[in-house]
file model_18.tsv (TSV, C-alpha atoms)
chain	number	residue	atom	x	y	z
A	1396	MET	CA	112.02	86.29	30.04
A	1397	PRO	CA	108.25	86.76	29.70
A	1398	GLU	CA	107.02	89.52	27.43
A	1399	THR	CA	106.30	92.79	29.26
A	1400	ASN	CA	102.61	92.77	28.36
A	1401	THR	CA	102.07	89.40	30.07
A	1402	ASN	CA	104.34	89.98	33.05
A	1403	PHE	CA	102.48	91.50	36.00
A	1404	TRP	CA	105.80	92.35	37.67
A	1405	LYS	CA	106.35	94.86	34.86
A	1406	THR	CA	102.82	96.14	34.33
A	1407	SER	CA	101.11	96.29	37.76
A	1408	LYS	CA	100.64	99.59	39.61
A	1409	ARG	CA	102.91	100.54	42.51
A	1410	PRO	CA	103.12	99.92	45.35
A	1411	LEU	CA	102.25	96.25	44.96
A	1412	MET	CA	100.28	94.70	47.83
A	1413	MET	CA	100.71	90.96	48.34
A	1414	LEU	CA	99.40	88.27	50.68
A	1415	ALA	CA	102.20	85.89	51.67
A	1416	PRO	CA	102.19	82.14	51.08
A	1417	MET	CA	101.62	80.42	54.43
A	1418	GLU	CA	101.57	76.73	55.29
A	1419	ASP	CA	98.09	75.38	56.11
A	1420	VAL	CA	96.74	78.93	55.76
A	1421	THR	CA	96.63	80.19	52.18
A	1422	ASP	CA	94.60	77.37	50.65
A	1423	THR	CA	91.85	78.14	48.16
A	1424	ALA	CA	89.23	78.58	50.94
A	1425	PHE	CA	91.19	81.22	52.87
A	1426	ARG	CA	92.32	82.99	49.71
A	1427	GLU	CA	88.71	83.21	48.58
A	1428	LEU	CA	87.66	84.53	51.98
A	1429	VAL	CA	90.30	87.28	51.76
A	1430	LEU	CA	89.15	88.10	48.23
A	1431	HIS	CA	85.55	88.43	49.46
A	1432	ASN	CA	86.88	90.90	52.06
A	1433	THR	CA	88.92	92.88	49.52
A	1434	VAL	CA	88.05	96.10	47.76
A	1435	ALA	CA	89.23	95.95	44.15
A	1436	GLY	CA	92.59	97.67	43.79
A	1437	GLN	CA	93.69	97.11	47.41
A	1438	LEU	CA	95.33	93.70	46.88
A	1439	ASP	CA	97.38	92.78	43.83
A	1440	ILE	CA	98.95	89.33	44.25
A	1441	ILE	CA	98.26	86.24	46.36
A	1442	PHE	CA	100.19	82.99	46.64
A	1443	THR	CA	99.47	79.30	47.08
A	1444	GLU	CA	100.75	77.27	49.98
A	1445	PHE	CA	104.34	75.97	49.69
A	1446	THR	CA	104.36	73.17	47.11
A	1447	SER	CA	107.10	70.53	47.05
A	1448	THR	CA	108.73	69.92	43.69
A	1449	ASP	CA	109.78	66.45	44.85
A	1450	GLY	CA	106.17	65.70	45.77
A	1451	LEU	CA	104.84	66.87	42.41
A	1452	CYS	CA	107.30	64.58	40.68
A	1453	HIS	CA	106.37	61.51	42.76
A	1454	HIS	CA	103.77	59.32	41.06
A	1455	LYS	CA	102.27	58.21	44.38
A	1456	GLY	CA	102.54	61.46	46.35
A	1457	ARG	CA	101.53	63.84	43.57
A	1458	ASP	CA	97.77	63.84	44.22
A	1459	ASN	CA	98.22	64.79	47.86
A	1460	VAL	CA	100.80	67.50	47.16
A	1461	ALA	CA	98.76	68.89	44.27
A	1462	GLN	CA	96.01	69.88	46.74
A	1463	ARG	CA	98.19	72.89	47.50
A	1464	LEU	CA	97.71	74.10	43.93
A	1465	PHE	CA	93.93	73.65	43.86
A	1466	VAL	CA	91.95	76.74	42.88
A	1467	SER	CA	88.16	76.57	43.21
A	1468	GLU	CA	86.00	77.92	40.41
A	1469	THR	CA	84.54	80.54	42.76
A	1470	GLU	CA	88.01	81.72	43.75
A	1471	ARG	CA	89.00	81.90	40.09
A	1472	ASN	CA	85.98	84.12	39.38
A	1473	LEU	CA	86.84	86.42	42.29
A	1474	LEU	CA	90.46	86.71	41.18
A	1475	LYS	CA	89.23	87.95	37.82
A	1476	GLU	CA	86.61	90.25	39.34
A	1477	LYS	CA	89.05	91.87	41.80
A	1478	GLY	CA	91.99	91.99	39.37
A	1479	VAL	CA	94.25	89.89	41.62
A	1480	LYS	CA	97.07	87.67	40.32
A	1481	LEU	CA	97.70	84.17	41.73
A	1482	VAL	CA	101.24	82.81	42.01
A	1483	ALA	CA	102.26	79.20	42.69
A	1484	GLN	CA	105.08	78.92	45.22
A	1485	ILE	CA	107.38	75.91	44.92
A	1486	TRP	CA	110.29	74.57	46.94
A	1487	GLY	CA	112.90	71.83	46.84
A	1488	ASN	CA	116.62	71.31	46.26
A	1489	LYS	CA	116.94	69.47	42.94
A	1490	PRO	CA	117.02	71.50	39.71
A	1491	GLU	CA	115.76	68.59	37.62
A	1492	LYS	CA	112.74	68.24	39.91
A	1493	TYR	CA	111.98	71.94	39.51
A	1494	TYR	CA	112.03	71.53	35.76
A	1495	GLU	CA	109.72	68.51	35.84
A	1496	ALA	CA	107.38	69.99	38.45
A	1497	VAL	CA	107.05	73.29	36.61
A	1498	LYS	CA	106.29	71.49	33.36
A	1499	PHE	CA	103.52	69.63	35.24
A	1500	ILE	CA	102.14	72.90	36.66
A	1501	GLU	CA	102.12	74.55	33.24
A	1502	ALA	CA	100.31	71.60	31.70
A	1503	ASN	CA	97.63	71.29	34.38
A	1504	TYR	CA	97.03	74.69	36.00
A	1505	HIS	CA	96.56	78.34	35.18
A	1506	PHE	CA	98.75	80.56	37.36
A	1507	ASP	CA	99.94	84.09	36.72
A	1508	GLY	CA	103.45	83.44	37.99
A	1509	LEU	CA	105.86	81.17	39.85
A	1510	ASP	CA	107.78	81.86	43.04
A	1511	ILE	CA	110.74	79.90	44.37
A	1512	ASN	CA	110.84	79.56	48.14
A	1513	MET	CA	114.34	80.43	49.31
A	1514	GLY	CA	113.15	81.78	52.64
A	1515	CYS	CA	111.28	79.17	54.69
A	1516	PRO	CA	113.26	78.88	57.96
A	1517	VAL	CA	111.90	75.53	59.25
A	1518	ARG	CA	114.89	73.54	60.47
A	1519	ASN	CA	114.10	70.13	58.99
A	1520	VAL	CA	113.55	71.78	55.59
A	1521	VAL	CA	116.77	73.78	55.82
A	1522	SER	CA	118.74	70.74	56.99
A	1523	HIS	CA	117.92	69.05	53.68
A	1524	GLY	CA	119.35	71.96	51.70
A	1525	SER	CA	116.07	73.58	50.69
A	1526	CYS	CA	114.53	77.04	51.10
A	1527	SER	CA	116.69	79.27	53.37
A	1528	ALA	CA	119.62	76.86	52.99
A	1529	LEU	CA	119.95	78.05	49.39
A	1530	ILE	CA	121.08	81.48	50.67
A	1531	ASP	CA	124.46	79.88	51.39
A	1532	ASN	CA	124.53	77.78	48.23
A	1533	GLU	CA	124.71	80.17	45.29
A	1534	SER	CA	125.61	77.54	42.72
A	1535	LEU	CA	122.58	75.37	43.51
A	1536	ALA	CA	120.31	78.42	43.76
A	1537	ALA	CA	121.45	79.51	40.29
A	1538	GLU	CA	120.79	76.04	38.84
A	1539	ILE	CA	117.30	75.98	40.37
A	1540	ILE	CA	116.43	79.42	38.99
A	1541	GLN	CA	117.74	78.46	35.56
A	1542	ALA	CA	115.85	75.13	35.51
A	1543	THR	CA	112.62	76.88	36.48
A	1544	ARG	CA	113.14	79.58	33.87
A	1545	GLU	CA	113.79	76.98	31.16
A	1546	ALA	CA	110.63	75.06	32.07
A	1547	SER	CA	108.22	77.99	31.91
A	1548	SER	CA	107.61	81.40	30.40
A	1549	LEU	CA	105.62	82.51	33.47
A	1550	PRO	CA	106.94	85.48	35.49
A	1551	LEU	CA	109.42	84.17	38.07
A	1552	SER	CA	110.20	85.55	41.51
A	1553	VAL	CA	112.23	84.46	44.52
A	1554	LYS	CA	111.10	84.90	48.12
A	1555	THR	CA	114.02	84.88	50.51
A	1556	ARG	CA	115.66	86.32	53.66
A	1557	ILE	CA	118.57	88.62	54.48
A	1558	GLY	CA	120.80	85.73	55.54
A	1559	LEU	CA	121.07	82.22	56.94
A	1560	LYS	CA	122.97	82.26	60.26
A	1561	ARG	CA	124.00	85.90	59.97
A	1562	VAL	CA	122.93	89.00	58.05
A	1563	ASP	CA	124.37	88.64	54.55
A	1564	THR	CA	122.24	91.03	52.55
A	1565	GLU	CA	124.93	92.53	50.32
A	1566	ARG	CA	126.47	89.29	49.10
A	1567	TRP	CA	123.15	87.47	48.63
A	1568	MET	CA	121.35	90.34	46.91
A	1569	LYS	CA	124.23	90.97	44.53
A	1570	PHE	CA	123.92	87.34	43.52
A	1571	LEU	CA	120.12	87.35	43.17
A	1572	PHE	CA	119.91	90.52	41.13
A	1573	ARG	CA	122.24	88.97	38.56
A	1574	GLN	CA	119.85	86.04	38.06
A	1575	PRO	CA	117.07	85.84	35.42
A	1576	VAL	CA	114.25	86.67	37.81
A	1577	ASP	CA	111.36	89.11	37.47
A	1578	GLY	CA	110.94	89.98	41.14
A	1579	VAL	CA	112.52	89.53	44.57
A	1580	ILE	CA	110.56	89.35	47.83
A	1581	LEU	CA	112.78	89.94	50.85
A	1582	HIS	CA	111.91	89.08	54.45
A	1583	GLY	CA	113.89	91.21	56.88
A	1584	ARG	CA	115.07	88.38	59.13
A	1585	ILE	CA	117.75	85.72	58.89
A	1586	GLN	CA	116.78	82.05	58.97
A	1587	LYS	CA	118.17	81.60	62.47
A	1588	GLN	CA	115.61	84.09	63.82
A	1589	MET	CA	112.65	82.12	62.47
A	1590	SER	CA	109.83	84.59	63.29
A	1591	GLU	CA	111.50	86.02	66.40
A	1592	GLY	CA	112.74	89.55	66.92
A	1593	GLU	CA	111.96	92.46	64.63
A	1594	ALA	CA	112.26	92.42	60.86
A	1595	ASP	CA	115.15	94.65	59.77
A	1596	TRP	CA	113.73	96.99	57.15
A	1597	ASP	CA	117.01	98.90	56.96
A	1598	GLU	CA	118.50	95.76	55.39
A	1599	ILE	CA	115.59	95.68	52.97
A	1600	ALA	CA	116.41	99.30	52.05
A	1601	LYS	CA	120.04	98.23	51.53
A	1602	ALA	CA	118.84	95.50	49.17
A	1603	SER	CA	116.81	98.07	47.27
A	1604	ALA	CA	119.89	100.24	46.80
A	1605	ILE	CA	121.80	97.23	45.46
A	1606	ARG	CA	118.91	96.56	43.09
A	1607	ASP	CA	119.00	100.15	41.86
A	1608	GLU	CA	122.67	99.70	40.96
A	1609	LEU	CA	122.60	96.22	39.45
A	1610	ALA	CA	119.09	95.56	38.11
A	1611	PRO	CA	116.83	98.62	38.25
A	1612	ASP	CA	114.08	96.85	36.31
A	1613	ILE	CA	113.62	94.09	38.91
A	1614	PRO	CA	110.99	95.01	41.53
A	1615	ILE	CA	111.79	94.33	45.19
A	1616	ILE	CA	109.07	93.66	47.75
A	1617	GLY	CA	109.60	94.04	51.49
A	1618	ASN	CA	108.20	91.53	53.98
A	1619	GLY	CA	108.12	91.30	57.76
A	1620	ASP	CA	106.04	92.74	60.63
A	1621	VAL	CA	103.54	94.57	58.43
A	1622	LEU	CA	100.39	94.49	60.54
A	1623	THR	CA	98.17	97.17	59.02
A	1624	ILE	CA	97.35	98.43	55.56
A	1625	GLU	CA	98.41	101.91	56.69
A	1626	ASP	CA	101.90	100.60	57.49
A	1627	ALA	CA	101.95	98.68	54.22
A	1628	LEU	CA	101.34	101.89	52.29
A	1629	LEU	CA	104.04	103.83	54.18
A	1630	LYS	CA	106.88	101.30	54.00
A	1631	PRO	CA	107.53	101.36	50.21
A	1632	GLU	CA	108.28	105.07	50.26
A	1633	LYS	CA	110.34	104.93	53.44
A	1634	TYR	CA	112.43	101.90	52.44
A	1635	HIS	CA	112.38	102.34	48.64
A	1636	THR	CA	110.62	99.10	47.77
A	1637	ASP	CA	108.10	98.46	45.01
A	1638	GLY	CA	105.58	97.02	47.44
A	1639	VAL	CA	104.90	95.03	50.56
A	1640	MET	CA	104.03	91.42	51.34
A	1641	ILE	CA	101.74	90.87	54.32
A	1642	GLY	CA	101.96	87.59	56.23
A	1643	ARG	CA	100.89	87.23	59.85
A	1644	GLY	CA	99.27	90.67	59.74
A	1645	ILE	CA	96.28	89.06	58.03
A	1646	PHE	CA	95.67	87.10	61.25
A	1647	GLN	CA	95.12	90.35	63.12
A	1648	ASN	CA	92.73	91.71	60.52
A	1649	PRO	CA	91.41	89.44	57.74
A	1650	TRP	CA	89.47	92.48	56.49
A	1651	MET	CA	92.56	94.69	56.12
A	1652	PHE	CA	92.13	95.08	52.37
A	1653	GLN	CA	88.62	96.37	52.98
A	1654	SER	CA	88.20	98.01	56.40
A	1655	SER	CA	90.05	98.98	59.54
A	1656	LEU	CA	89.56	96.62	62.46
A	1657	SER	CA	87.55	99.24	64.36
A	1658	GLU	CA	84.83	99.00	61.72
A	1659	ILE	CA	84.34	95.23	62.14
A	1660	ASP	CA	81.48	94.43	64.52
A	1661	ILE	CA	80.61	91.13	66.18
A	1662	GLU	CA	78.05	90.19	63.53
A	1663	LYS	CA	80.60	90.61	60.76
A	1664	ARG	CA	83.14	88.52	62.68
A	1665	LEU	CA	80.69	85.66	63.14
A	1666	ASN	CA	79.46	85.82	59.55
A	1667	THR	CA	83.04	85.81	58.25
A	1668	LEU	CA	83.81	82.65	60.19
A	1669	LEU	CA	80.60	81.06	58.92
A	1670	LYS	CA	81.71	81.93	55.39
A	1671	HIS	CA	85.13	80.38	56.02
A	1672	LEU	CA	83.52	77.18	57.29
A	1673	GLN	CA	81.36	77.01	54.17
A	1674	LEU	CA	84.29	77.63	51.81
A	1675	TYR	CA	86.48	75.05	53.56
A	1676	GLU	CA	83.71	72.44	53.48
A	1677	SER	CA	83.01	73.15	49.81
A	1678	ALA	CA	86.67	72.94	48.80
A	1679	TRP	CA	87.84	70.02	50.90
A	1680	ALA	CA	84.83	68.05	52.25
A	1681	HIS	CA	86.54	64.94	53.68
A	1682	ILE	CA	89.89	65.53	51.98
A	1683	ARG	CA	91.50	67.82	54.56
A	1684	PRO	CA	91.04	67.39	58.31
A	1685	PHE	CA	88.77	69.74	60.25
A	1686	PRO	CA	91.36	70.64	62.98
A	1687	ILE	CA	93.30	72.75	60.46
A	1688	LEU	CA	90.43	75.23	60.67
A	1689	LYS	CA	90.82	75.70	64.42
A	1690	ARG	CA	93.88	77.92	63.98
A	1691	PHE	CA	91.57	80.49	62.40
A	1692	PHE	CA	89.04	80.73	65.23
A	1693	LYS	CA	91.00	83.30	67.21
A	1694	ILE	CA	91.25	85.50	64.10
A	1695	TYR	CA	87.52	86.05	64.01
A	1696	ILE	CA	86.46	85.37	67.59
A	1697	SER	CA	88.30	88.01	69.61
A	1698	GLY	CA	87.95	91.60	70.71
A	1699	PHE	CA	84.44	91.42	72.14
A	1700	ARG	CA	82.75	90.38	75.39
A	1701	GLY	CA	82.22	86.64	75.53
A	1702	ALA	CA	84.79	85.92	72.81
A	1703	ALA	CA	86.93	83.65	75.00
A	1704	GLU	CA	83.95	81.49	75.98
A	1705	LEU	CA	82.72	81.22	72.40
A	1706	ARG	CA	86.19	80.40	71.18
A	1707	LYS	CA	86.46	77.57	73.72
A	1708	GLU	CA	83.18	76.12	72.47
A	1709	LEU	CA	84.44	76.26	68.91
A	1710	MET	CA	87.75	74.65	69.86
A	1711	ASP	CA	85.80	71.77	71.40
A	1712	SER	CA	83.92	71.14	68.16
A	1713	ASN	CA	84.94	68.22	65.96
A	1714	SER	CA	83.47	69.07	62.58
A	1715	VAL	CA	82.39	71.94	60.37
A	1716	GLU	CA	78.78	71.14	61.21
A	1717	GLU	CA	79.41	71.27	64.96
A	1718	ALA	CA	81.25	74.59	64.66
A	1719	ARG	CA	78.44	75.99	62.51
A	1720	LYS	CA	75.83	74.98	65.14
A	1721	VAL	CA	77.83	76.77	67.85
A	1722	LEU	CA	77.98	79.96	65.79
A	1723	LEU	CA	74.32	79.88	64.76
A	1724	GLY	CA	73.31	79.24	68.37
A	1725	THR	CA	75.24	82.33	69.42
A	1726	MET	CA	73.74	84.47	66.66
A	1727	ASN	CA	70.20	83.39	67.50
call {"tool": "encode", "arguments": {"input": "model_18.tsv", "output": "structure tokens"}}
result
Amino acid sequence: MPETNTNFWKTSKRPLMMLAPMEDVTDTAFRELVLHNTVAGQLDIIFTEFTSTDGLCHHKGRDNVAQRLFVSETERNLLKEKGVKLVAQIWGNKPEKYYEAVKFIEANYHFDGLDINMGCPVRNVVSHGSCSALIDNESLAAEIIQATREASSLPLSVKTRIGLKRVDTERWMKFLFRQPVDGVILHGRIQKQMSEGEADWDEIAKASAIRDELAPDIPIIGNGDVLTIEDALLKPEKYHTDGVMIGRGIFQNPWMFQSSLSEIDIEKRLNTLLKHLQLYESAWAHIRPFPILKRFFKIYISGFRGAAELRKELMDSNSVEEARKVLLGTMN
């Protein structure tokens, strides 16, 4: 395992605050935006988008998949300035591909850690034996963890759920805490729930108790339905975790690592979206399609009179430049 002095899982303060990996969300532009909105010490670890090990090992598909690992120079500077670690999250179902992909990552990128996705609930991914499917396939999960460990000395974590078709926390956690991992991130839903229903933090607390018995040195991070920084700070003590991972909560308040939502006025909302447009354009230009950005408009343009009308105008735009003109017209 990595030496303690290079392993942030061992050396970072508690509780750890993390921003979850999210598909078509946590690219370099959005991560940099969050970092701009973060007070140093409030956020500890952020993650890339999900990156396919099969894709990284494919000579034709690699360039496209590798976009998910891109880190802009300005983001890299902010990571250093704010003291935030960046972890690459990978997924797949073939141990040999994990080994090859991780070797490629180590040779071409500079990440602070690796995370294996054993939690994504998307059905077509699970049907191929990846992500949440690994919860019911201990032998393959063990091979994947071992292959990743052998390929890299970077700190290694697993992000997962409390079960596949049913709650199976005890069996699955007993398995995971016997593996050579440095951290476990546990979402309090089973795969079958997708994002429905409430996350079961009592099961996360159960996992923490199992950790205390089997592997007290492995941190456990709780995930699910954390919508405010206040809640994020309360949950570790209540459920005995070493920290919290925030996912969809960032959509309700992209400034949560800096200010409460009540302190964000209209001008700040509009300027934040303008900043996001600029970062996206700078990072991706004509590489990624503009419509991906539209999912973010409601994040910034809500909670004030005229927001719905402005949001409709933005949704009708077809480029970064058109969206920028709409915003500047409103501000002037």
call {"tool": "closest_residue", "arguments": {"input": "model_18.tsv", "among": "A:Trp1404, A:Ile1557, A:Gly1524, A:Ala1718", "to": "A:Met1589", "atoms": "all atoms listed in the file"}}
result
A:Ile1557
call {"tool": "closest_residue", "arguments": {"input": "model_18.tsv", "among": "A:Pro1684, A:Gly1478, A:Pro1416, A:Pro1410", "to": "A:Arg1643", "atoms": "all atoms listed in the file"}}
result
A:Pro1416
call {"tool": "atom_distance", "arguments": {"input": "model_18.tsv", "atom1": "atom CA of A:Glu1704", "atom2": "atom CA of A:Ser1657"}}
result
21.5 Å
call {"tool": "atom_distance", "arguments": {"input": "model_18.tsv", "atom1": "atom CA of A:Lys1492", "atom2": "atom CA of A:Cys1452"}}
result
6.6 Å
call {"tool": "closest_residue", "arguments": {"input": "model_18.tsv", "among": "A:Lys1569, A:Arg1664, A:His1681, A:Lys1498", "to": "A:Glu1545", "atoms": "only C-alpha atoms"}}
result
A:Lys1498
call {"tool": "atom_distance", "arguments": {"input": "model_18.tsv", "atom1": "atom CA of A:Asp1507", "atom2": "atom CA of A:Leu1549"}}
result
6.7 Å
call {"tool": "residues_near_point", "arguments": {"input": "model_18.tsv", "point": "(115.1, 79.2, 55.5)", "cutoff": "7 Å", "atoms": "all atoms listed in the file", "output": "PyMOL selection string"}}
result
chain A and resi 1513-1517+1521+1526-1528+1559+1586
call {"tool": "residues_around", "arguments": {"input": "model_18.tsv", "residues": "A:Leu1481", "least_positions_apart": "6", "cutoff": "7 Å", "atoms": "all atoms listed in the file", "output": "list in words"}}
result
Ile1440, Ile1441, Phe1442, Phe1506, Asp1507 and Gly1508 of chain A
call {"tool": "closest_residue", "arguments": {"input": "model_18.tsv", "among": "A:Tyr1675, A:Gln1437, A:Ala1537, A:Ala1415", "to": "A:Asn1618", "atoms": "all atoms listed in the file"}}
result
A:Ala1415
